[in-house]
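Raw run-v1.pdb, PDB, C-alpha atoms:
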ATOM      1  CA  MET J  18      91.116 158.378 199.437
ATOM      2  CA  LYS J  19      91.988 157.566 195.804
ATOM      3  CA  ARG J  20      94.828 155.338 196.997
ATOM      4  CA  LEU J  21      92.417 153.531 199.361
ATOM      5  CA  ILE J  22      89.903 152.963 196.556
ATOM      6  CA  TYR J  23      92.658 151.647 194.270
ATOM      7  CA  LEU J  24      93.910 149.290 196.978
ATOM      8  CA  THR J  25      90.378 148.031 197.624
ATOM      9  CA  LEU J  26      89.813 147.304 193.919
ATOM     10  CA  THR J  27      93.148 145.515 193.711
ATOM     11  CA  LEU J  28      92.269 143.292 196.665
ATOM     12  CA  VAL J  29      88.875 142.481 195.119
ATOM     13  CA  LEU J  30      90.507 141.456 191.839
ATOM     14  CA  VAL J  31      93.078 139.290 193.599
ATOM     15  CA  ALA J  32      90.376 137.685 195.748
ATOM     16  CA  CYS J  33      88.358 136.823 192.666
ATOM     17  CA  GLY J  34      91.396 134.888 191.420
ATOM     18  CA  THR J  35      91.084 135.840 187.746
ATOM     19  CA  ARG J  36      93.151 138.569 186.133
ATOM     20  CA  ARG J  37      91.643 141.006 183.680
ATOM     21  CA  GLY J  38      92.049 139.641 180.160
ATOM     22  CA  TYR J  39      92.418 136.067 181.411
ATOM     23  CA  PHE J  40      90.112 133.097 181.849
ATOM     24  CA  ASN J  41      90.541 130.541 184.586
ATOM     25  CA  LEU J  42      89.076 127.135 185.259
ATOM     26  CA  ASP J  43      89.661 124.882 188.218
ATOM     27  CA  GLY J  44      88.183 121.522 188.873
ATOM     28  CA  ARG J  45      87.990 118.309 190.767
ATOM     29  CA  LEU J  46      87.251 114.876 189.308
ATOM     30  CA  LEU J  47      86.500 111.670 191.147
ATOM     31  CA  ASN J  48      88.259 108.517 189.916
ATOM     32  CA  LEU J  49      91.134 110.461 188.351
ATOM     33  CA  ASN J  50      93.716 111.083 191.037
ATOM     34  CA  GLN J  51      96.657 111.787 188.755
ATOM     35  CA  GLY J  52      97.105 112.232 185.035
ATOM     36  CA  GLU J  53      96.765 114.784 182.291
ATOM     37  CA  PHE J  54      94.494 115.775 179.452
ATOM     38  CA  TYR J  55      94.600 118.170 176.551
ATOM     39  CA  VAL J  56      92.813 121.435 175.893
ATOM     40  CA  TYR J  57      92.538 123.366 172.637
ATOM     41  CA  SER J  58      90.450 126.206 171.248
ATOM     42  CA  PRO J  59      88.678 125.682 167.900
ATOM     43  CA  ASP J  60      87.982 129.409 167.573
ATOM     44  CA  GLY J  61      91.270 130.965 168.593
ATOM     45  CA  VAL J  62      91.124 131.802 172.321
ATOM     46  CA  PHE J  63      94.713 130.524 172.236
ATOM     47  CA  ASP J  64      96.840 128.781 169.609
ATOM     48  CA  GLY J  65      97.779 125.142 169.563
ATOM     49  CA  ILE J  66      97.163 122.526 172.232
ATOM     50  CA  ASP J  67      97.957 122.798 175.929
ATOM     51  CA  THR J  68      98.151 120.179 178.672
ATOM     52  CA  ILE J  69      96.288 120.225 181.983
ATOM     53  CA  LYS J  70      97.894 118.293 184.836
ATOM     54  CA  VAL J  71      95.758 116.497 187.417
ATOM     55  CA  GLU J  72      97.188 116.003 190.911
ATOM     56  CA  GLY J  73      95.178 114.653 193.800
ATOM     57  CA  GLY J  74      92.082 114.752 191.628
ATOM     58  CA  ARG J  75      92.389 118.539 191.208
ATOM     59  CA  PHE J  76      93.464 120.688 188.294
ATOM     60  CA  THR J  77      93.604 124.322 187.231
ATOM     61  CA  PHE J  78      94.160 126.124 183.938
ATOM     62  CA  GLU J  79      94.519 129.783 183.035
ATOM     63  CA  THR J  80      94.826 131.367 179.600
ATOM     64  CA  GLN J  81      94.838 134.809 178.092
ATOM     65  CA  CYS J  82      91.343 135.582 176.819
ATOM     66  CA  LYS J  83      90.808 138.802 174.881
ATOM     67  CA  GLU J  84      87.422 137.783 173.498
ATOM     68  CA  SER J  85      84.827 135.170 174.392
ATOM     69  CA  GLY J  86      85.413 131.790 172.816
ATOM     70  CA  THR J  87      85.362 128.028 173.255
ATOM     71  CA  LEU J  88      87.862 125.679 174.853
ATOM     72  CA  VAL J  89      87.589 121.926 174.352
ATOM     73  CA  ILE J  90      88.959 119.549 176.982
ATOM     74  CA  VAL J  91      90.058 116.163 175.589
ATOM     75  CA  PHE J  92      90.079 113.543 178.356
ATOM     76  CA  PRO J  93      92.258 110.376 178.374
ATOM     77  CA  ASN J  94      89.405 108.313 176.897
ATOM     78  CA  PHE J  95      89.153 110.921 174.069
ATOM     79  CA  SER J  96      85.823 112.251 175.330
ATOM     80  CA  GLU J  97      85.479 115.981 174.711
ATOM     81  CA  VAL J  98      83.822 118.571 176.934
ATOM     82  CA  PRO J  99      83.415 122.227 175.880
ATOM     83  CA  VAL J 100      84.130 125.134 178.200
ATOM     84  CA  PHE J 101      83.007 128.610 177.172
ATOM     85  CA  ALA J 102      85.621 131.215 178.069
ATOM     86  CA  GLU J 103      85.022 134.890 178.789
ATOM     87  CA  PRO J 104      87.637 137.555 179.626
ATOM     88  CA  GLY J 105      88.055 138.038 183.367
ATOM     89  CA  LYS J 106      85.814 135.097 184.256
ATOM     90  CA  SER J 107      86.441 131.813 186.046
ATOM     91  CA  VAL J 108      84.528 128.543 186.175
ATOM     92  CA  SER J 109      84.596 125.419 188.312
ATOM     93  CA  VAL J 110      84.484 121.913 186.875
ATOM     94  CA  LYS J 111      83.324 118.941 188.909
ATOM     95  CA  GLY J 112      82.211 115.430 188.217
ATOM     96  CA  ASP J 113      83.225 111.798 187.938
ATOM     97  CA  ALA J 114      85.882 110.796 185.408
ATOM     98  CA  SER J 115      83.917 107.603 184.749
ATOM     99  CA  HIS J 116      80.748 109.578 183.911
ATOM    100  CA  LEU J 117      81.993 112.516 181.855
ATOM    101  CA  LYS J 118      78.594 113.066 180.234
ATOM    102  CA  GLU J 119      77.375 114.248 183.631
ATOM    103  CA  ILE J 120      80.192 116.713 184.261
ATOM    104  CA  GLU J 121      79.094 120.065 185.732
ATOM    105  CA  ILE J 122      80.639 123.434 184.868
ATOM    106  CA  GLU J 123      79.517 126.470 186.855
ATOM    107  CA  GLY J 124      80.448 130.132 186.933
ATOM    108  CA  THR J 125      78.999 131.648 183.747
ATOM    109  CA  LYS J 126      75.586 131.510 182.089
ATOM    110  CA  GLU J 127      76.938 129.830 178.924
ATOM    111  CA  ASN J 128      78.561 126.983 180.842
ATOM    112  CA  GLU J 129      75.574 126.497 183.119
ATOM    113  CA  LEU J 130      73.313 126.398 180.048
ATOM    114  CA  MET J 131      75.511 123.678 178.534
ATOM    115  CA  THR J 132      75.564 121.776 181.844
ATOM    116  CA  ALA J 133      71.756 121.728 181.890
ATOM    117  CA  PHE J 134      71.761 120.406 178.310
ATOM    118  CA  ARG J 135      74.227 117.629 179.213
ATOM    119  CA  GLN J 136      72.074 116.586 182.154
ATOM    120  CA  GLN J 137      69.046 116.418 179.869
ATOM    121  CA  LEU J 138      70.903 113.906 177.693
ATOM    122  CA  VAL J 139      71.981 111.498 180.457
ATOM    123  CA  LYS J 140      69.103 109.063 179.982
ATOM    124  CA  ALA J 141      68.031 110.108 176.472
ATOM    125  CA  SER J 142      67.860 107.655 173.586
ATOM    126  CA  PRO J 143      69.761 108.591 170.381
ATOM    127  CA  PRO J 144      66.607 109.941 168.646
ATOM    128  CA  GLU J 145      65.703 111.908 171.796
ATOM    129  CA  GLU J 146      69.249 113.262 171.974
ATOM    130  CA  MET J 147      69.010 114.607 168.407
ATOM    131  CA  SER J 148      65.613 116.129 169.148
ATOM    132  CA  TYR J 149      66.942 117.826 172.308
ATOM    133  CA  ALA J 150      69.939 119.116 170.375
ATOM    134  CA  GLU J 151      67.752 120.586 167.621
ATOM    135  CA  ASN J 152      65.491 122.298 170.146
ATOM    136  CA  PHE J 153      68.520 123.602 172.039
ATOM    137  CA  VAL J 154      69.902 125.296 168.919
ATOM    138  CA  LYS J 155      66.512 126.767 167.997
ATOM    139  CA  ASN J 156      65.839 128.033 171.537
ATOM    140  CA  ASN J 157      69.334 129.466 172.180
ATOM    141  CA  PRO J 158      70.633 130.661 168.780
ATOM    142  CA  ALA J 159      72.500 133.690 170.162
ATOM    143  CA  THR J 160      74.761 131.627 172.454
ATOM    144  CA  ALA J 161      78.211 130.102 172.036
ATOM    145  CA  ALA J 162      76.732 126.851 173.364
ATOM    146  CA  SER J 163      74.344 126.677 170.395
ATOM    147  CA  VAL J 164      77.303 126.951 167.986
ATOM    148  CA  TYR J 165      79.018 124.029 169.704
ATOM    149  CA  VAL J 166      75.856 121.883 169.711
ATOM    150  CA  LEU J 167      75.194 122.734 166.052
ATOM    151  CA  LYS J 168      78.664 121.557 165.049
ATOM    152  CA  LYS J 169      78.728 118.464 167.276
ATOM    153  CA  TYR J 170      75.308 117.071 166.358
ATOM    154  CA  PHE J 171      74.548 118.392 162.875
ATOM    155  CA  ILE J 172      77.783 119.369 161.122
ATOM    156  CA  LEU J 173      80.732 117.213 162.215
ATOM    157  CA  VAL J 174      78.926 113.881 161.963
ATOM    158  CA  PRO J 175      79.389 110.997 159.511
ATOM    159  CA  ASP J 176      75.835 110.967 158.117
ATOM    160  CA  VAL J 177      75.195 114.683 157.974
ATOM    161  CA  ASN J 178      71.712 115.809 156.946
ATOM    162  CA  LEU J 179      72.729 118.793 154.838
ATOM    163  CA  ASP J 180      69.249 120.303 154.644
ATOM    164  CA  LYS J 181      68.823 120.129 158.426
ATOM    165  CA  ALA J 182      72.349 121.458 158.976
ATOM    166  CA  ALA J 183      71.783 124.364 156.577
ATOM    167  CA  SER J 184      68.454 125.263 158.203
ATOM    168  CA  LEU J 185      69.898 125.325 161.740
ATOM    169  CA  ALA J 186      73.043 127.149 160.614
ATOM    170  CA  ASP J 187      70.886 129.884 159.085
ATOM    171  CA  ILE J 188      68.958 130.272 162.372
ATOM    172  CA  VAL J 189      72.184 130.713 164.336
ATOM    173  CA  TYR J 190      73.680 133.033 161.707
ATOM    174  CA  LYS J 191      70.655 135.334 161.885
ATOM    175  CA  ALA J 192      71.159 135.579 165.651
ATOM    176  CA  GLN J 193      74.962 136.004 165.361
ATOM    177  CA  PRO J 194      75.647 137.708 161.991
ATOM    178  CA  LYS J 195      79.048 139.061 163.128
ATOM    179  CA  ASN J 196      80.316 135.722 164.451
ATOM    180  CA  GLY J 197      83.096 134.552 162.108
ATOM    181  CA  GLU J 198      82.830 130.950 163.306
ATOM    182  CA  VAL J 199      79.132 130.811 162.388
ATOM    183  CA  ALA J 200      79.871 132.369 158.977
ATOM    184  CA  ARG J 201      82.449 129.623 158.384
ATOM    185  CA  ILE J 202      79.870 126.975 159.319
ATOM    186  CA  VAL J 203      77.442 128.393 156.734
ATOM    187  CA  ARG J 204      80.196 128.322 154.072
ATOM    188  CA  TYR J 205      81.217 124.824 155.139
ATOM    189  CA  VAL J 206      77.691 123.451 154.697
ATOM    190  CA  LYS J 207      77.554 124.974 151.212
ATOM    191  CA  MET J 208      80.921 123.393 150.395
ATOM    192  CA  MET J 209      79.642 120.056 151.721
ATOM    193  CA  LYS J 210      76.794 120.253 149.248
ATOM    194  CA  ASN J 211      79.289 120.983 146.474
ATOM    195  CA  ASN J 212      81.334 117.945 147.557
ATOM    196  CA  ALA J 213      78.463 115.484 147.736
ATOM    197  CA  GLY J 214      78.555 112.123 145.957
ATOM    198  CA  GLY J 215      79.638 112.456 142.316
ATOM    199  CA  ALA J 216      81.457 115.762 142.774
ATOM    200  CA  ARG J 217      84.914 116.102 141.232
ATOM    201  CA  ILE J 218      88.212 116.674 143.013
ATOM    202  CA  PRO J 219      88.334 120.407 143.759
ATOM    203  CA  SER J 220      91.146 122.635 142.568
ATOM    204  CA  PHE J 221      93.688 123.305 145.333
ATOM    205  CA  SER J 222      97.349 123.993 145.959
ATOM    206  CA  ALA J 223      99.295 123.272 149.149
ATOM    207  CA  GLN J 224     102.702 122.256 150.470
ATOM    208  CA  ASP J 225     103.284 119.059 152.379
ATOM    209  CA  ILE J 226     105.444 118.908 155.516
ATOM    210  CA  ASN J 227     108.537 118.351 153.339
ATOM    211  CA  GLY J 228     107.917 121.485 151.280
ATOM    212  CA  LYS J 229     106.660 119.638 148.187
ATOM    213  CA  ASN J 230     103.864 121.306 146.200
ATOM    214  CA  ILE J 231     100.671 119.234 146.078
ATOM    215  CA  SER J 232      97.690 119.925 143.795
ATOM    216  CA  ALA J 233      94.611 118.172 142.434
ATOM    217  CA  SER J 234      96.716 116.450 139.760
ATOM    218  CA  TYR J 235      98.315 114.268 142.451
ATOM    219  CA  LEU J 236      94.926 112.682 143.204
ATOM    220  CA  GLN J 237      93.716 112.277 139.636
ATOM    221  CA  GLY J 238      93.799 109.094 137.554
ATOM    222  CA  LYS J 239      93.753 106.654 140.479
ATOM    223  CA  VAL J 240      91.673 105.697 143.490
ATOM    224  CA  ALA J 241      92.352 108.379 146.083
ATOM    225  CA  VAL J 242      91.582 109.128 149.718
ATOM    226  CA  VAL J 243      91.792 112.533 151.365
ATOM    227  CA  TYR J 244      91.637 112.175 155.139
ATOM    228  CA  THR J 245      92.047 114.228 158.305
ATOM    229  CA  TRP J 246      94.043 113.114 161.310
ATOM    230  CA  ALA J 247      95.917 114.415 164.352
ATOM    231  CA  GLU J 248      98.600 113.005 166.618
ATOM    232  CA  TRP J 249      96.310 113.481 169.633
ATOM    233  CA  SER J 250      93.410 111.462 168.118
ATOM    234  CA  TYR J 251      93.733 107.682 168.467
ATOM    235  CA  GLU J 252      90.860 107.033 166.047
ATOM    236  CA  SER J 253      92.500 109.083 163.307
ATOM    237  CA  ARG J 254      95.968 107.597 163.899
ATOM    238  CA  ASN J 255      94.479 104.113 163.593
ATOM    239  CA  MET J 256      92.743 105.115 160.349
ATOM    240  CA  ARG J 257      95.987 106.529 158.957
ATOM    241  CA  ASP J 258      97.990 103.410 159.917
ATOM    242  CA  ARG J 259      95.528 101.130 158.158
ATOM    243  CA  LEU J 260      95.419 103.351 155.090
ATOM    244  CA  LEU J 261      99.215 103.205 154.903
ATOM    245  CA  ARG J 262      99.087  99.404 155.021
ATOM    246  CA  LEU J 263      96.721  99.483 152.033
ATOM    247  CA  LYS J 264      99.090 101.879 150.275
ATOM    248  CA  ASN J 265     101.949  99.426 150.786
ATOM    249  CA  GLU J 266      99.773  96.633 149.391
ATOM    250  CA  TYR J 267      98.402  98.438 146.315
ATOM    251  CA  GLY J 268     101.228 100.849 145.546
ATOM    252  CA  ASN J 269     100.592 103.444 142.838
ATOM    253  CA  LYS J 270      97.001 102.300 142.327
ATOM    254  CA  LEU J 271      96.108 104.191 145.532
ATOM    255  CA  ALA J 272      96.833 107.838 146.336
ATOM    256  CA  LEU J 273      96.604 109.132 149.906
ATOM    257  CA  MET J 274      96.669 112.725 151.111
ATOM    258  CA  GLY J 275      96.508 113.492 154.805
ATOM    259  CA  ILE J 276      95.465 116.818 156.289
ATOM    260  CA  SER J 277      96.948 117.080 159.772
ATOM    261  CA  LEU J 278      94.960 119.024 162.355
ATOM    262  CA  ASP J 279      97.953 119.268 164.677
ATOM    263  CA  ALA J 280      98.916 122.736 165.853
ATOM    264  CA  SER J 281     102.622 122.100 165.315
ATOM    265  CA  LYS J 282     104.319 120.993 162.101
ATOM    266  CA  ARG J 283     107.126 119.605 164.245
ATOM    267  CA  THR J 284     104.682 117.360 166.126
ATOM    268  CA  CYS J 285     103.192 116.192 162.832
ATOM    269  CA  SER J 286     106.618 115.504 161.268
ATOM    270  CA  PHE J 287     107.684 113.455 164.277
ATOM    271  CA  ALA J 288     104.459 111.408 164.109
ATOM    272  CA  VAL J 289     105.015 110.439 160.434
ATOM    273  CA  ARG J 290     108.764 109.852 160.623
ATOM    274  CA  SER J 291     108.406 106.079 160.084
ATOM    275  CA  ASP J 292     106.106 106.385 157.042
ATOM    276  CA  SER J 293     107.804 104.635 154.127
ATOM    277  CA  THR J 294     105.084 105.293 151.525
ATOM    278  CA  ALA J 295     105.986 108.962 150.906
ATOM    279  CA  SER J 296     102.283 109.822 150.896
ATOM    280  CA  PRO J 297     101.917 113.589 151.369
ATOM    281  CA  VAL J 298     100.778 115.035 154.671
ATOM    282  CA  ILE J 299      99.786 118.684 154.840
ATOM    283  CA  CYS J 300     100.043 120.571 158.126
ATOM    284  CA  ASP J 301      99.428 124.309 157.887
ATOM    285  CA  GLN J 302      99.212 124.508 161.719
ATOM    286  CA  LEU J 303      95.762 126.125 161.503
ATOM    287  CA  MET J 304      93.995 123.077 162.944
ATOM    288  CA  PHE J 305      90.233 123.375 162.335
ATOM    289  CA  GLU J 306      90.725 126.768 160.645
ATOM    290  CA  SER J 307      92.651 125.222 157.730
ATOM    291  CA  PRO J 308      91.230 126.436 154.384
ATOM    292  CA  LEU J 309      91.749 122.934 152.988
ATOM    293  CA  LEU J 310      88.969 121.634 155.243
ATOM    294  CA  GLU J 311      86.545 124.075 153.645
ATOM    295  CA  THR J 312      87.839 123.242 150.145
ATOM    296  CA  PHE J 313      87.117 119.540 150.589
ATOM    297  CA  GLY J 314      84.094 119.886 152.867
ATOM    298  CA  LEU J 315      85.839 118.147 155.771
ATOM    299  CA  GLY J 316      85.238 119.329 159.294
ATOM    300  CA  ARG J 317      86.291 116.782 161.899
ATOM    301  CA  VAL J 318      89.258 114.654 162.809
ATOM    302  CA  ALA J 319      89.236 111.107 161.331
ATOM    303  CA  ASP J 320      87.102 112.255 158.387
ATOM    304  CA  ASN J 321      87.676 111.071 154.822
ATOM    305  CA  ILE J 322      86.622 111.311 151.188
ATOM    306  CA  VAL J 323      87.051 108.497 148.634
ATOM    307  CA  TYR J 324      87.500 109.330 144.922
ATOM    308  CA  ASN J 325      87.370 106.823 142.085
ATOM    309  CA  ALA J 326      89.912 106.749 139.256
ATOM    310  CA  GLN J 327      87.714 109.170 137.302
ATOM    311  CA  GLY J 328      88.172 111.764 140.047
ATOM    312  CA  ARG J 329      84.638 111.680 141.441
ATOM    313  CA  ILE J 330      83.495 111.215 145.032
ATOM    314  CA  VAL J 331      82.093 107.746 145.632
ATOM    315  CA  GLU J 332      82.018 107.760 149.463
ATOM    316  CA  ARG J 333      82.762 110.059 152.374
ATOM    317  CA  SER J 334      82.990 109.958 156.180
ATOM    318  CA  LEU J 335      83.363 106.163 156.392
ATOM    319  CA  ASN J 336      84.551 104.368 159.505
ATOM    320  CA  ILE J 337      87.821 102.510 159.027
ATOM    321  CA  ASN J 338      86.240  99.093 158.381
ATOM    322  CA  GLU J 339      83.880 100.543 155.782
ATOM    323  CA  LEU J 340      86.770 102.479 154.263
ATOM    324  CA  GLU J 341      88.963  99.390 153.894
ATOM    325  CA  THR J 342      86.117  97.397 152.336
ATOM    326  CA  LYS J 343      85.269 100.145 149.842
ATOM    327  CA  LEU J 344      88.894 100.630 148.804
ATOM    328  CA  LYS J 345      89.451  96.912 148.218
ATOM    329  CA  VAL J 346      86.375  96.812 145.979
ATOM    330  CA  LEU J 347      87.652  99.769 143.956
ATOM    331  CA  LEU J 348      91.244  98.509 143.764
ATOM    332  CA  ASN J 349      90.678  94.823 142.935
TER     333      ASN J 349
END

Show how you would write the structure in this file as structure tokens.
Amino acid sequence: MKRLIYLTLTLVLVACGTRRGYFNLDGRLLNLNQGEFYVYSPDGVFDGIDTIKVEGGRFTFETQCKESGTLVIVFPNFSEVPVFAEPGKSVSVKGDASHLKEIEIEGTKENELMTAFRQQLVKASPPEEMSYAENFVKNNPATAASVYVLKKYFILVPDVNLDKAASLADIVYKAQPKNGEVARIVRYVKMMKNNAGGARIPSFSAQDINGKNISASYLQGKVAVVYTWAEWSYESRNMRDRLLRLKNEYGNKLALMGISLDASKRTCSFAVRSDSTASPVICDQLMFESPLLETFGLGRVADNIVYNAQGRIVERSLNINELETKLKVLLN
């Protein structure tokens, strides 16, 4: 009898298609017959970046999952869609590759909650979208989805409203006091306030990808830019390329320091192999968990801070055109 029960349980687990301690997603997308996209986990479900292959419009992905966490799918057009992973669970993804905002993810309450939120935004104006996002965080503070929405709409944005961000972060923290990711968000917002306009270059020490020690003294006494980038982000690579052109033009009058959010130092080193400016790039392989991001109050890829020659912040989170204009004013 015991053997029969064991066999029955085994067949049930196999039929469900998801092994204990693993998370599985499978999907089908219209208008994407073949290709690939990336997936990473900002909160450590797995390390680094993985690739999902699409064949015949279908794809599948499985990863070890010891604790619940977030996966982020990065599509070929650099759109990002979160998937909330749980040990032993599986979800299905369906939609149209040309309308990724309407993508549907079913199989767990967290993902279905996020799907409903996405559908609410389809025809929303930008002000309505922000209002929906704020209400979503307030109404669902104990969920992983609320953490993602908090970061996407109120933390990792160019024109962050620090008071609003702090208020919403506190609401989520009260609902999830043991969540390390939420605790980091609260610390990050505080650091952002400390690195507002006029703040000085913070004290720090790090090694660049060539093993050279870099500290605050490298940035002092000249116009300086600290920026984040990653090999997998076109926007950030474009920003870095244009910053390097300015470095070639202005020489020692401009100091650049890049913080790579790549998961592999080897990938980062290969990406900068043709850089002739010798500007330091730091890659601690911790991606969004890098302590340097918290030190400088940076939280997203393609972010930046501009310091004047007196070592004070004059601008932050500029787009590349604004960044070029500001630097030319400071350097000429």

With the PyMOL selection byres ((chain J and resi 54-61) around 7) as the selection, what would be picked from this file? Answer as a compact mmCIF listing (two decimals) with C-alpha atoms, keeping the file's coordinate frame, please.
# COMPACT_ATOMS: atom_id res chain seq x y z
CA GLU J 53 96.76 114.78 182.29
CA VAL J 62 91.12 131.80 172.32
CA PHE J 63 94.71 130.52 172.24
CA ASP J 64 96.84 128.78 169.61
CA GLY J 65 97.78 125.14 169.56
CA ILE J 66 97.16 122.53 172.23
CA ASP J 67 97.96 122.80 175.93
CA THR J 68 98.15 120.18 178.67
CA ILE J 69 96.29 120.22 181.98
CA LYS J 70 97.89 118.29 184.84
CA GLY J 86 85.41 131.79 172.82
CA THR J 87 85.36 128.03 173.26
CA LEU J 88 87.86 125.68 174.85
CA VAL J 89 87.59 121.93 174.35
CA ILE J 90 88.96 119.55 176.98
CA VAL J 91 90.06 116.16 175.59
CA PHE J 92 90.08 113.54 178.36
CA PRO J 93 92.26 110.38 178.37
CA GLU J 198 82.83 130.95 163.31
CA PHE J 305 90.23 123.38 162.34

Exercise. Please provide as a list in words all residues within 8 Å of Val164 (chain J), with the sequence filter that same-chain residues fewer than 4 positions apart are discarded (counting only C-alpha atoms).
Key: Val154, Pro158, Thr160, Lys168, Val189 and Val199 of chain J

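Distance-wise, CA of Val206 (chain J) and CA of Tyr251 (chain J) end up 26.4 Å apart.
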
Quiz prompt | Spatial neighbours of Lys191 (chain J), 12 Å, all atoms listed in the file, chain gap at least 5 places, as a list of chain:residue names | solution = J:Lys155, J:Asn157, J:Pro158, J:Ala159, J:Thr160, J:Ser184, J:Leu185, J:Ala186, J:Asn196, J:Val199, J:Ala200, J:Val203

Practice problem: Output the residue selection produced by the PyMOL selection byres ((chain J and resi 42) around 10) on the file above, formatted as number ranges by chain. | Solution: J: 35, 40-41, 43-44, 76-80, 100, 102, 106-110, 122-124

Practice problem: Pick out the residues sitting within 12 Å of Phe153 (chain J), and hand them over as JSON, numbers by chain; count all atoms listed in the file, and ignore anything fewer than 6 positions along from it in its own chain. | Solution: {"J": [130, 131, 133, 134, 135, 137, 138, 146, 147, 159, 160, 161, 162, 163, 164, 165, 166, 167, 170, 185, 188, 189]}

Practice problem: With the file shown as input, list the residues that the PyMOL selection byres ((chain J and resi 177) around 12) selects, as an MDAnalysis selection string. | Solution: chainID J and resid 167:176 178:183 206 209:210 213 314:317 333:335

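One finds CA of Asp279 (chain J) at 22.3 Å from CA of Ala241 (chain J).
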
Exercise. Rounded to one decimal place, report the CA of Gly238 (chain J)-CA of Val323 (chain J) distance in Å.
Key: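 Computing it gives 13.0 Å between the two atoms.
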
Practice problem: Return the single residue from J:Arg37, J:Lys229, J:Arg45, J:Lys140 that is closest to Glu121 (chain J), with distances computed using only C-alpha atoms. | Solution: J:Arg45

Show me, as JSON, the centre and edge lengths in Å to one decimal of the axis-aligned box that covers every listed atom of region 273-292 of chain J with 6 Å on each side.
{"center_x": 101.9, "center_y": 114.4, "center_z": 158.0, "size_x": 25.8, "size_y": 28.7, "size_z": 28.2}

Quiz item: Counting all atoms listed in the file, what is within 12 Å of Ile322 (chain J), bar same-chain residues fewer than 4 positions away, as JSON, numbers by chain?
Solution: {"J": [175, 209, 212, 213, 214, 215, 216, 217, 218, 219, 236, 240, 241, 242, 243, 244, 245, 272, 273, 274, 275, 276, 310, 313, 314, 315, 316, 328, 329, 330, 331, 332, 333, 334, 335, 336, 337, 340, 343, 344]}

Quiz item: If you count only C-alpha atoms, which residues fall within 12 Å of Ala288 (chain J), apart from same-chain ones fewer than 5 positions away, as a list in words?
Solution: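 The neighbour list is Ile226, Trp246, Ala247, Glu248, Trp249, Ser250, Arg254, Arg257, Asp258, Ser277, Asp279, Ser281, Lys282, Arg283, Val298 and Cys300 of chain J.
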
Quiz item: J:Ala233, J:Cys82, J:Ala295, J:Leu261: which is nearest Tyr324 (chain J), counting only C-alpha atoms?
Solution: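 Residue with the minimum atom-to-atom distance to Tyr324 (chain J): J:Ala233.
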
Self-check item: Residue with smallest distance to Gln224 (chain J) - pool J:Lys195, J:Ala150, J:Ile120, J:Leu309, counting only C-alpha atoms
Solution: J:Leu309
